[in-house]
Structures are given as C-alpha cells and as structure tokens.
Amino acid sequence: MRLIKQQIEKKDGSGSATMLPEEPEDMWHAYNLIRPNDLLRASAIRKIVKESAAGSRSVDRVHTNLTIRVTKLDFDTQASQLHVSGRVAEENKHVTLGSYHTLDLELQRNFTLEKAEGWDSVALDTLKESINQTAKAQLWAVIMQEGLANICLITEHQTILRQKVEVSLPKKRAGSSDHDKALQKFYQTTFDSLLRQIDLADPKPLLLASPGFTASSFQQYIKTQAASGANKQLHQLVPKITVAHSASAHLHSLSEVLSSSAVTSKLSDTKFARETQLMDRFFDLMRNDDARAWYGPKECEAAVERGAVGKGGGVLLISNALFRSQDINTRRRWVQLVDEVKDQGGEVRVLSSMHESGKRLEGLGDIAAILTYPIENVDEEVGDMDGGIDDLEDEPDGTAVNGIEGRSEAHEDIEI
Amino acid sequence: MHRVKNIEYDDDDLYAEDEEADGEEEQAYTDEDRQNFDDLTPVVRAELNEAGLQASDREIEEALYYYYWDVVKSVVHLKNTRTSRPRQQQAKKEKAKSKFDQAAERSASKTGRSSSPPLPAAAWFDGIPWSTVPPELEGYLIPVDPPRARSKLLGGSSKLAKLAEERRKKAASSQTAQPVPDTRLSSLDRLSKPKDTKENVLPQHMKQEPKKYPIRKKRELTPPPKEPSPPPEEEPKEELPNLRASPTEFACTLSTPTSQAARASSMTLGDLFGSSTNEENTFKGPSPDDTILRAQQHSKDNAKATKQSANGIAKKTEALKLDQTPSPATPTQPKIKSKGLDVPKLWVDGKAKRKPAAAFVVIGHVDHGKSTLMGRLLLDTGAVSQRDIDKYKKQATELGKASFALAWVMDTGSEERERGVTVDIAQHHFSTNKVDFTILDAPGHRDFVPNMIGGASMADLAVLVVDANQLESGMKGQTREHILLAKACGLKRIVVAVNKLDSSSPPWEEATFKNVKDEVTKLLTATGFATEDIAFVPCSGLNGQNVVKPVPSNGETGWVASSSSTLLQELERSASGNIAEATIKASLRMQIADVFRGGITNPLSVSGRIAAGNVQVGDSVVIQPSGETAAVRGIEANSDGVEWAVASQLCTLHLTDIEPQHLRAGDVLCGASKPVPVVKSFVLQIQALESILPQGVDVHVGRLHASGSIAALITTLDTQGELLKKKPRVIKAGQRANVNVTLSDGGAPLEVGDRVILRANGSTVAAGKVERTGS
C-alpha cells in the first residue's frame, strides 16, 4: 500500500490519510484499519434511476466518488476483497445524504480514510506496517499426507487456505495395486489443483510438507511432470521447491513447518520468526507451569495493571482480531492496554489473526503475556470477575462479558 | 392355328434319312403346299445357281416352307446352310427326337398310324456306331452337363472346387462314350435344348448316376460334417476349448483301427453330444458370464462327463447352471433379502464348535523387527509358503535388502519395500489348531503413528516387539508411545517379544533379556498394565528361534527352553475371544478401516472391526457422518463368505446402494435404527501425557484422523476423578482433566465412551474417553 497523502494531527490523531492499495494483501490491512463510524471516501459505481416527466425510466451507471460513514465490513479472504457498507455522508448530484452504499475497494484506486475517534496508536502502527514496502515475503505451501492435501498461500500477514484436496485412498492390500494407483491419482489431483492456483510465470517458493515421505514423493512427481510434460514453465518451479516435515496434513501443523530451519532460511519473514520465537517461549513457560506466563484477557489486564509486563522482557502478544471489535469501547480498552505496556517499556506484538502465530494465540483468548516476574494466582483474582476461559455451556456468555467477539473473526461484523 | 401346328410337326418331320419320318412328312404337306413348292422351287434353285450353289428340291422345299414361301429369305437361308450343312442337318435331326416327337410316335402307335413299332428308349440306341461322333461335338457336352451346377454348391474351398472340376471333367470324358448315341441321333437338339437330352436319355442316365455319382457323393459327404460343425466352433469356441479337439478326435476315430476305434469313437460321440447340448444352453443361459463359468466347470469335468451319455451331461450342465445362477443373478436383483437370522442366538449356539479368534496388533519402535517377526510367524505356521519367501528373498536381494525378505510378507506396498519401512497396517490371517489369529502389523515410524492407532483400535491384544540391543532408542521413541497408545486404545493384555537375541553380544545372553524385561515391565506397569497381563518371550524373528519352533534345550539357548514358551504358545494362551452377549445384541457399530474395490462382483467394500452389535447379509446400515444408507450384500471374514458377523470380528462388508464418496476410512457404519450422532464438540476426560494448553490438536478415534482444537480446559481431576481445580490455566503432564474439544471441519461420529487420542506436533499429548457430547 502506498500512502498518497496524510493529514493526521499528532496531538489528537484527527485527520485523514489517502492510500493506494497495490496488492491483495493490502486489503487485509485496510480491513484492519477501517472501523465502523469511520469516514471512507473512494470511487464507486452507482446505478442512478431517472424518471422523466413522461414517466419513462432510464437507468444510468455513474462513476463517482462517494464518502460513506462505515457501518459494516466484509472481508473475503479467498478473493482478498473488502466490501465496506455505510451511509452516504456527503451529498453530490447523484446521491442523496443518508442513502446506503457498499463500496468495493479496488486495487490501484485511492481511498481516503478519516477516523471517527482519531488515529490511535494501534491504528497508526497498522498504517505504518501496511505502507512498509520492504517485506513482501510470499510462498505457497502444500501440506499433505496420504489422501489429504491443503494448498495454502502464506504471506506476511495471512495464511490463506486456497484449496483442500481430499481423496479416499484404499489401504495397501496384498496382490492389489489399487493403493499405488490411487496414490498416483491423488498426486495428479493435487498437482492439477496447485497449478490452477499458482502463477507459473512468476513462481514463488513452494513448500511441501508431510509426515513420512509423501512430500518427497510428490516433489518427485512434480519433477517427473516437469521433465516429461510440455509445460516449460514448470522447470522454473522445480528449483523453488522445499521439502519439510510436518506432523500431519492439518493446517495447525503449519506452525511447526514454518518455524523449522529449512523454511525460515527461505522465508525472510523476520516478523513471523520473532513472533514464533515469542510464542514458543510462552508455551515453554506454560509447560513448566511458570507463573511468568499468562494468557486470557482478564489475566493479562491484571498483569499489566501490576506493571509486570514492562521493561526487561515483558511481552504482550495480542491478536489484531481484538482491535476489529464492533464496540468502540472494547477497542479502546485494548488500545489502552497496548499503550500502557509500551509506556512501561514492554514489547508489544500485534499478531495477525490470519497467520499461524495468531492462530495459536487464538486458542488462548487472543492475548497472552510474558511477565518480568512471576505472579501466582492471577486467575483466582480475576476468577471472581468471571474471566477468561469458561466451561462449555457458559462460553458464549463469557465471551460477551469479555468483549471478545468470538473466534470466527471473519463473521464478526455481520452480527450487530 | 392349324398352320402353327403343322409347322411344328413339319419341323419335326424334316428328318434326314429316316423312312418313317419321311412318311410322316409326306403326309404333312397339303396339296396347297405342294402347289407352292412346285411354283417356287425353280425360282429358288435359279437364285442358288446364280450364287454357284447346289441344293436338292427337298432342301429348297423345306426352306420355303420354313420361311412361309418367302423366296428371298429361303435363298439366304440355303446359302448360309451350304457352308455348315452337316451341322444343320444334325440339328434338325436332333429336334426330331424331342418330346413332341415321342408323343407323336406314341399317339401314332396307339392309333396304329405309325409304321414303327413302339420301342423302349434304350432300344433307340441299339446298333448305333459309338465311335462316329465328330470330335468337335464333344465340346458341346461339357456345358450341357447338368452336374456342373451342383459342383458349384461345394463353393467354400477353391481346392475342393478344383478337385470337383477335375473329377467332373474326368467323368465327362468317360461319359462321352455314353451320350454318343444321342449325338448321332439328335446332336442338333442337344445343342439347342440340353434339357431334352437328359430327359431323352433319362433311363440311361438313371442307370449311370449310381456309377458316376457315388464317387462325387462320397466327396461331398466329407464336407457336410463340416457344415454343421461351424456353429459349435463359432460360438462356444472360447468357452469350450476342449471341443476343438473333438473333430480331430473324430478324424482319429475314422482312421484308427477297429480295436481302438471303440474307445475313440465313444469319446467323440460324447463330446459331440455334449457340445450340442451346450449349444442349446448358450442361448438359454442367463448371461455370458454364466456360460463361461459353466464352460470352465464343464472342461474340468470333461473327463468324467465324456463317459456319460449325452443326457447325463445335459443334466449335469443344467445342475451346474443352477449352482452358478445366484451370483450372476444378484445384479439384476438389487434388493438383497435379509434372511432375518437371529444372529445372537446363532452365535451362542455355535459357541462350542468355534475356535477362539483373536486379533493382535504388533507394536514397537521402528526397525525393531516387527514385520520380520510376523513374516517368520506366518512362514512357520504355514500360512505363507517357503516358495513365496524365496521369491521375496530374490527380489529383496536385488534391491540390496536381503534381510527384509520376511518383512515383505507384511510390507506389500511398493514404497514400503523400497524404503524398508512399514507405512500402513498390514492385515494377515492364520490359524493354529487352537486359535484363529489375525495379525495387524503396525508401522513403527513416528510419522505413521496415526496408522498404528488405527491398527491398535482393531486388536484384542498387543505384541510388543523390543530389540534387545536397542532398548534405549525404543524407550525414548515409539516403544514408549506405542505402549501408551495401546493402553489408550483399551488393550489389556500384552505379549512382549524380546527380539534379535541372536545378534546380541554374546548371543542369547540371559542377562540381556532380564535387563530388557525389567525395563519394559517398569514402563508397562507405570502405563497401567497389570503384571499378570504381561508376558515375555525371548526370540529371534529373522532366524525363527522360539517363534513357532522351540529352541534346542542345550547350548546357549538352554535357558530359553526351560524358562519360556514360544511366541505362538504365548499368543494362544492370551487369546480369550470372549465377548459379552450384551455387546452382540447392541446396535451395530463398525468403524471403517478401509474402503476399497473388492473385485468385479463387489465394486465397493469396506473392512473393519465390529465394535458392537451384529450384522447379516441383507441388513441396511447407516454410514456416519454422511448419513447415507447402504445395504450389505455380502460379508467376508478371513476371506470366507459368511452369512453374519458379530462384535469383535474383523470382517469385510460388501456394500451396495451407496456412492463411494460417502465412505471414508474413519466413518462409522451403524445400525439403521440407532445411528451414532455426529458431533462437532465434546467434553473429553483425558490423561495428559504432555502439558496441555488450549491449542490445535489432531484428534484420533481409531482410523479417524481429524483436525480440532482444545477449546477450553474445564477441570483437573485427581486419580479418583474428584475435582481438583476449575478452569486450570494449564494441564500438566500426567494430570487427569476434562477438556472441551472442538472439531475444525464438519463433525465426527462420536458417542460417550469412545476412546480419543489427541496428538500435536507429531507426539501424543493426551488420551481419554468422551465424557459427554455437545452439538
């Protein structure tokens, strides 16, 4: 994303910024930047119905710039498209004030955003991150086992599952080659699906991961296809393949793959590497039942309150899903928490909920903290306030109290 | 009209030298005719003289009469006839011998007008000089010869036709002598009307035919058997290969001396009759498959069948047909009728007769020799022939893995053989005098633990294979994990085979065995196995010592013989095969371990272990989570077709009325009345093997391998199941706890009490039972 123009007051954060999204990933940033009640100005196509005096109707499609006050966002991860609904806030000759419109943000078209509550620190960080042109790591990963393959696109901020291939393989059986045949067919299907996804003209690194030797067999299969097939472009893909080990073909195994040295050397994603490192450290502390590691909203807030997440190793890990809250107060609460940790000199990591590290955090209530000193029984203190994680039946209730909008952040905006 | 009649008679009457004919002729001319002759003959003669030709009055008259008093035409005719006079005369004579002539003769003789006495046809030729036939006339005999048309009927082979042609020519040349009489009398007639000739000489021909034709007819007789034979050759050609031989057999019969002929001919006869009955059945038969089956059967029984009469064989084939019909008939009847057997009762009734059956899973660390030990067990019990092993040995040696030959009995996959690693569960059946065993050979490699879980969930007991020389690697690795998983899958009894004792240094040292035994016992008891359920067997899988065959009681292995039984004996002792009747009466539950194509007749088959209930052919079952119903059209247990199967049996069900995409390994097949609910989240009481946080996990339920996450930690419990702490922030390794597990995509068929194993990052983190199910 390119920043075209910005007029943000440092003092109160008021003002607007004009940006130019250049690639699909930028839509993800826009999704994290735009909040309900913000003013968004972007080009739009509007259908205008005119009725003449004689009563005949004519329909015109008009290109115009519209400013809307945002009510709802819808992000399509597969297509990387962002649809922003709202009410028209500035009248022009085509539309009247207050009429509804849904803007589809488009690549290579400017949009201007003005924050209703002003630009807070997290919003500014997100903006900075989104206009950072340096890190643009991208790779394709096929994480597989016999009969199951997940084809995903891994970017700096997202892991997008593009295709799942599931084939029922007959098991080995003496005197039958059905298994081998079915396995070859499975490779063929996976390979075909992969070719449909990737752009061979500009091949990105391809990561194959599986338990056992499925991945290496598949690599061999691709090599054979490249050698025998007529598709010359395949030859460019072959040297970009990396084979790694994963425990299973399920997506949660991807974090293991992405943190393996074979992959980190290829993927110059320092942000992710640091996040993974911190997550691993957190999990290690948890395993040892170290009182310096805490997770859950209430627990983390309590810890921050006590100044435990500060200078000397204090880390707050927070998923950006929390900042996408519908409720302004909830968002403000998390922004304040982040600001406080920064004031105390602690490290704040905003993890992408779409990325593997963020997904691991998701299970922990989207927030975790590594403290500078151990605090015992934080949970008991907050237990009275009905915090954190709850029993099966109480869960929806608990989430509402916490202000976390469930775990399926993709749909959060629909439920008003 | 009258004229016309006259013409005919005149025509006939124009004989050359016959007096009798002359007489007739004279009578035929009327006075008016004579008048005309007198007028016109000089004119014609003058014309002929001009052309320098001579002609008798008679000739001229004749021509005039013929051309109806037309002078010009008569002259032309006479001029033309001058050149070929003899022939013309002959032709005219010939005509005289026509039917009409004979009729006239007869009528004349009857009326008494004819001067000649009535003669038999043969008598006509008396005294005729046979040799006077002009040679050029002979040529006319050939086209006239009627048998030629018949010879063409032989058609088929050109050789035969040629032969016939030659024969015919010969016959014709010999015939020339006989037809001569006609020629002399009526060669002209013969030229124009060959049919008459035949009729004329009919009596003679009748006499000659027996002479002439027998030769030909004999030739023709040989082809006829060929003509009927094509049908049996054409249709059952492929089905009845032995029938091909029958013509030659027949031919043999023809040529064999009488002493042997009796036997040979009887065989041929039987075959021929057999073939004819088959031919009929081919058209009656329900399907080509049936015919093939019957034909194969028929060929097998041929030796016997040939001795029987044609009727006997017909009956026999009929009987065979009846036997074969059920299987090919089934596709036409998609609805399989259930016999409505009372399976639990049958099971109880047959209990006494049955051998106990047991399925055991072979577990242990990778490369500790599980597959090889099982290969040895199968070889020494005779379930696999030495010949197969030799074949594997040869192939394995080519790959440079000679020591893997025994393992290849279990490792049938091409990748498994190439890499020398078991990947998936191998299932093999063998029987001893006491027990029916099913081996489930599990992979030892950590990447294939999911497959091992699938195998362990189908077994009754476990055989743990431990390499005596590499105890340490196993204790850290999959020996430990497999023991935990075996326990988690609900296996109670375990037989530990301490393997590779022959290659320890020194070999067969008792101390090594003791050491292993102590270590493993410690681990097993810590996992929760009772000491009385653990048995140890020292052995060597590669050489087969103490596997099936006991070791010699002297020498280095003496302590083994005295202190321990063989692996097979230990297994037989461990097999109980007891199952509560209540389990059998429960609603059907069978987890699908494999979905495959059972063959041409069974395009869709599933295999697995019946966990509860019973199933019989014709039952309708529900597959969860797809919720589709299917019908059971066949059941196989130990590769024998059976009518029913009950809980604890490993069997293959052939299904119908369902699409393959509704079936996956890990799905549960259940009774239609009470299907398993499909759940997305459930509360699991676990025994933590590692510290557990809310995190993503692989959820294993037998063959089912799903992705899910621990959504919440609910409580930790003490050993008595009493509540320790609500909402713990972490569950430490070894703790018992209740957790809430959510499945990522879709639901899984789960019930309270199902055994679930949770794995993360390639290691088992927890195992437990479903406490209650959510939505």
# chains A, B, ... in the order shown; residues from 1 in each chain; ligands from 1

call {"tool": "interface_residues", "arguments": {"of": "chain A", "to": "chain B", "cutoff": "8 Å", "atoms": "only C-alpha atoms", "output": "PyMOL selection string"}}
result
chain A and resi 168-175+179-180+211-212+246-248+250+252-253+256+286-287+289+294-295+360+363-364+379+389-392

call {"tool": "closest_atom_pairs", "arguments": {"of": "segment 354-392 of chain B", "to": "segment 557-581 of chain B", "cutoff": "6 Å", "atoms": "only C-alpha atoms", "output": "JSON lines"}}
result
{"residue": "B:Pro356", "atom": "CA", "partner": "B:Gly577", "partner_atom": "CA", "distance": 5.2}
{"residue": "B:Ala357", "atom": "CA", "partner": "B:Gly577", "partner_atom": "CA", "distance": 5.5}
{"residue": "B:Ala358", "atom": "CA", "partner": "B:Ala575", "partner_atom": "CA", "distance": 5.6}

call {"tool": "residues_around", "arguments": {"residues": "segment 607-620 of chain B", "least_positions_apart": "2", "cutoff": "8 Å", "atoms": "only C-alpha atoms", "output": "PyMOL selection string"}}
result
chain B and resi 336-339+341+343-344+458+583-595+605+622+629-635+643-653+671-672

call {"tool": "select_by_dssp", "arguments": {"residues": "segment 77-241 of chain A", "states": "strand (DSSP E or B)", "output": "ChimeraX atom specification"}}
result
/A:81-88,100-104,111-114,138-145,148-155,159-166,173,176,206-210,241

call {"tool": "residues_around", "arguments": {"residues": "Val88 of chain A", "least_positions_apart": "4", "cutoff": "6 Å", "atoms": "only C-alpha atoms", "output": "VMD selection string"}}
result
chain A and resid 67 to 68 97 to 99

call {"tool": "write_last_selection", "arguments": {"atoms": "N, CA and C atoms", "output": "CSV table (one decimal), in the first residue's frame"}}
result
chain,number,residue,atom,x,y,z
A,67,THR,N,-18.4,9.4,-0.3
A,67,THR,CA,-17.9,9.4,1.1
A,67,THR,C,-19.0,8.7,1.9
A,68,ILE,N,-18.6,7.7,2.6
A,68,ILE,CA,-19.6,7.0,3.4
A,68,ILE,C,-19.2,6.9,4.9
A,97,LEU,N,-27.9,12.4,0.7
A,97,LEU,CA,-27.3,12.2,2.0
A,97,LEU,C,-28.1,11.1,2.7
A,98,GLY,N,-27.4,10.2,3.3
A,98,GLY,CA,-28.1,9.2,4.1
A,98,GLY,C,-28.5,7.9,3.4
A,99,SER,N,-28.3,7.9,2.1
A,99,SER,CA,-28.7,6.7,1.3
A,99,SER,C,-27.5,5.7,1.5

call {"tool": "residues_around", "arguments": {"residues": "Gln233 of chain A", "least_positions_apart": "3", "cutoff": "9 Å", "atoms": "only C-alpha atoms", "output": "short mmCIF file (atom, residue, chain, number, x, y, z; two decimals) with N, CA, C and O atoms, in the first residue's frame"}}
result
data_model
loop_
_atom_site.label_atom_id
_atom_site.label_comp_id
_atom_site.auth_asym_id
_atom_site.auth_seq_id
_atom_site.Cartn_x
_atom_site.Cartn_y
_atom_site.Cartn_z
N LEU A 200 2.61 -19.53 -12.73
CA LEU A 200 3.88 -20.15 -13.12
C LEU A 200 4.84 -19.14 -13.73
O LEU A 200 6.05 -19.36 -13.75
N ALA A 201 4.31 -18.06 -14.26
CA ALA A 201 5.18 -17.07 -14.89
C ALA A 201 6.10 -16.42 -13.85
O ALA A 201 7.23 -16.04 -14.15
N PRO A 203 7.02 -17.72 -10.43
CA PRO A 203 6.85 -18.70 -9.36
C PRO A 203 7.41 -18.23 -8.02
O PRO A 203 8.52 -17.73 -7.95
N ALA A 226 7.64 -32.14 -14.82
CA ALA A 226 8.40 -31.07 -15.46
C ALA A 226 9.29 -31.64 -16.56
O ALA A 226 9.46 -31.03 -17.62
N ALA A 230 4.99 -30.88 -21.41
CA ALA A 230 5.29 -29.85 -22.38
C ALA A 230 5.39 -28.48 -21.71
O ALA A 230 5.80 -27.50 -22.34
N GLN A 236 10.96 -23.84 -14.04
CA GLN A 236 11.34 -22.74 -13.14
C GLN A 236 10.84 -23.01 -11.73
O GLN A 236 11.41 -22.50 -10.77
N LEU A 237 9.79 -23.79 -11.64
CA LEU A 237 9.21 -24.05 -10.33
C LEU A 237 10.05 -25.06 -9.54
O LEU A 237 10.23 -24.93 -8.33
#

call {"tool": "atom_distance", "arguments": {"atom1": "atom CA of Arg333 of chain A", "atom2": "atom CA of Leu361 of chain A"}}
result
18.7 Å

call {"tool": "select_by_dssp", "arguments": {"residues": "segment 451-531 of chain B", "states": "alpha helix (DSSP H)", "output": "VMD selection string"}}
result
chain B and resid 451 to 456 471 to 476 478 to 488 510 to 527

call {"tool": "residues_around", "arguments": {"residues": "Thr102 of chain A", "least_positions_apart": "4", "cutoff": "12 Å", "atoms": "only C-alpha atoms", "output": "NGL selection string"}}
result
:A and (40-47 or 66-74 or 82-88)

call {"tool": "residues_around", "arguments": {"residues": "segment 770-773 of chain B", "least_positions_apart": "2", "cutoff": "9 Å", "atoms": "only C-alpha atoms", "output": "count of residues only"}}
result
18
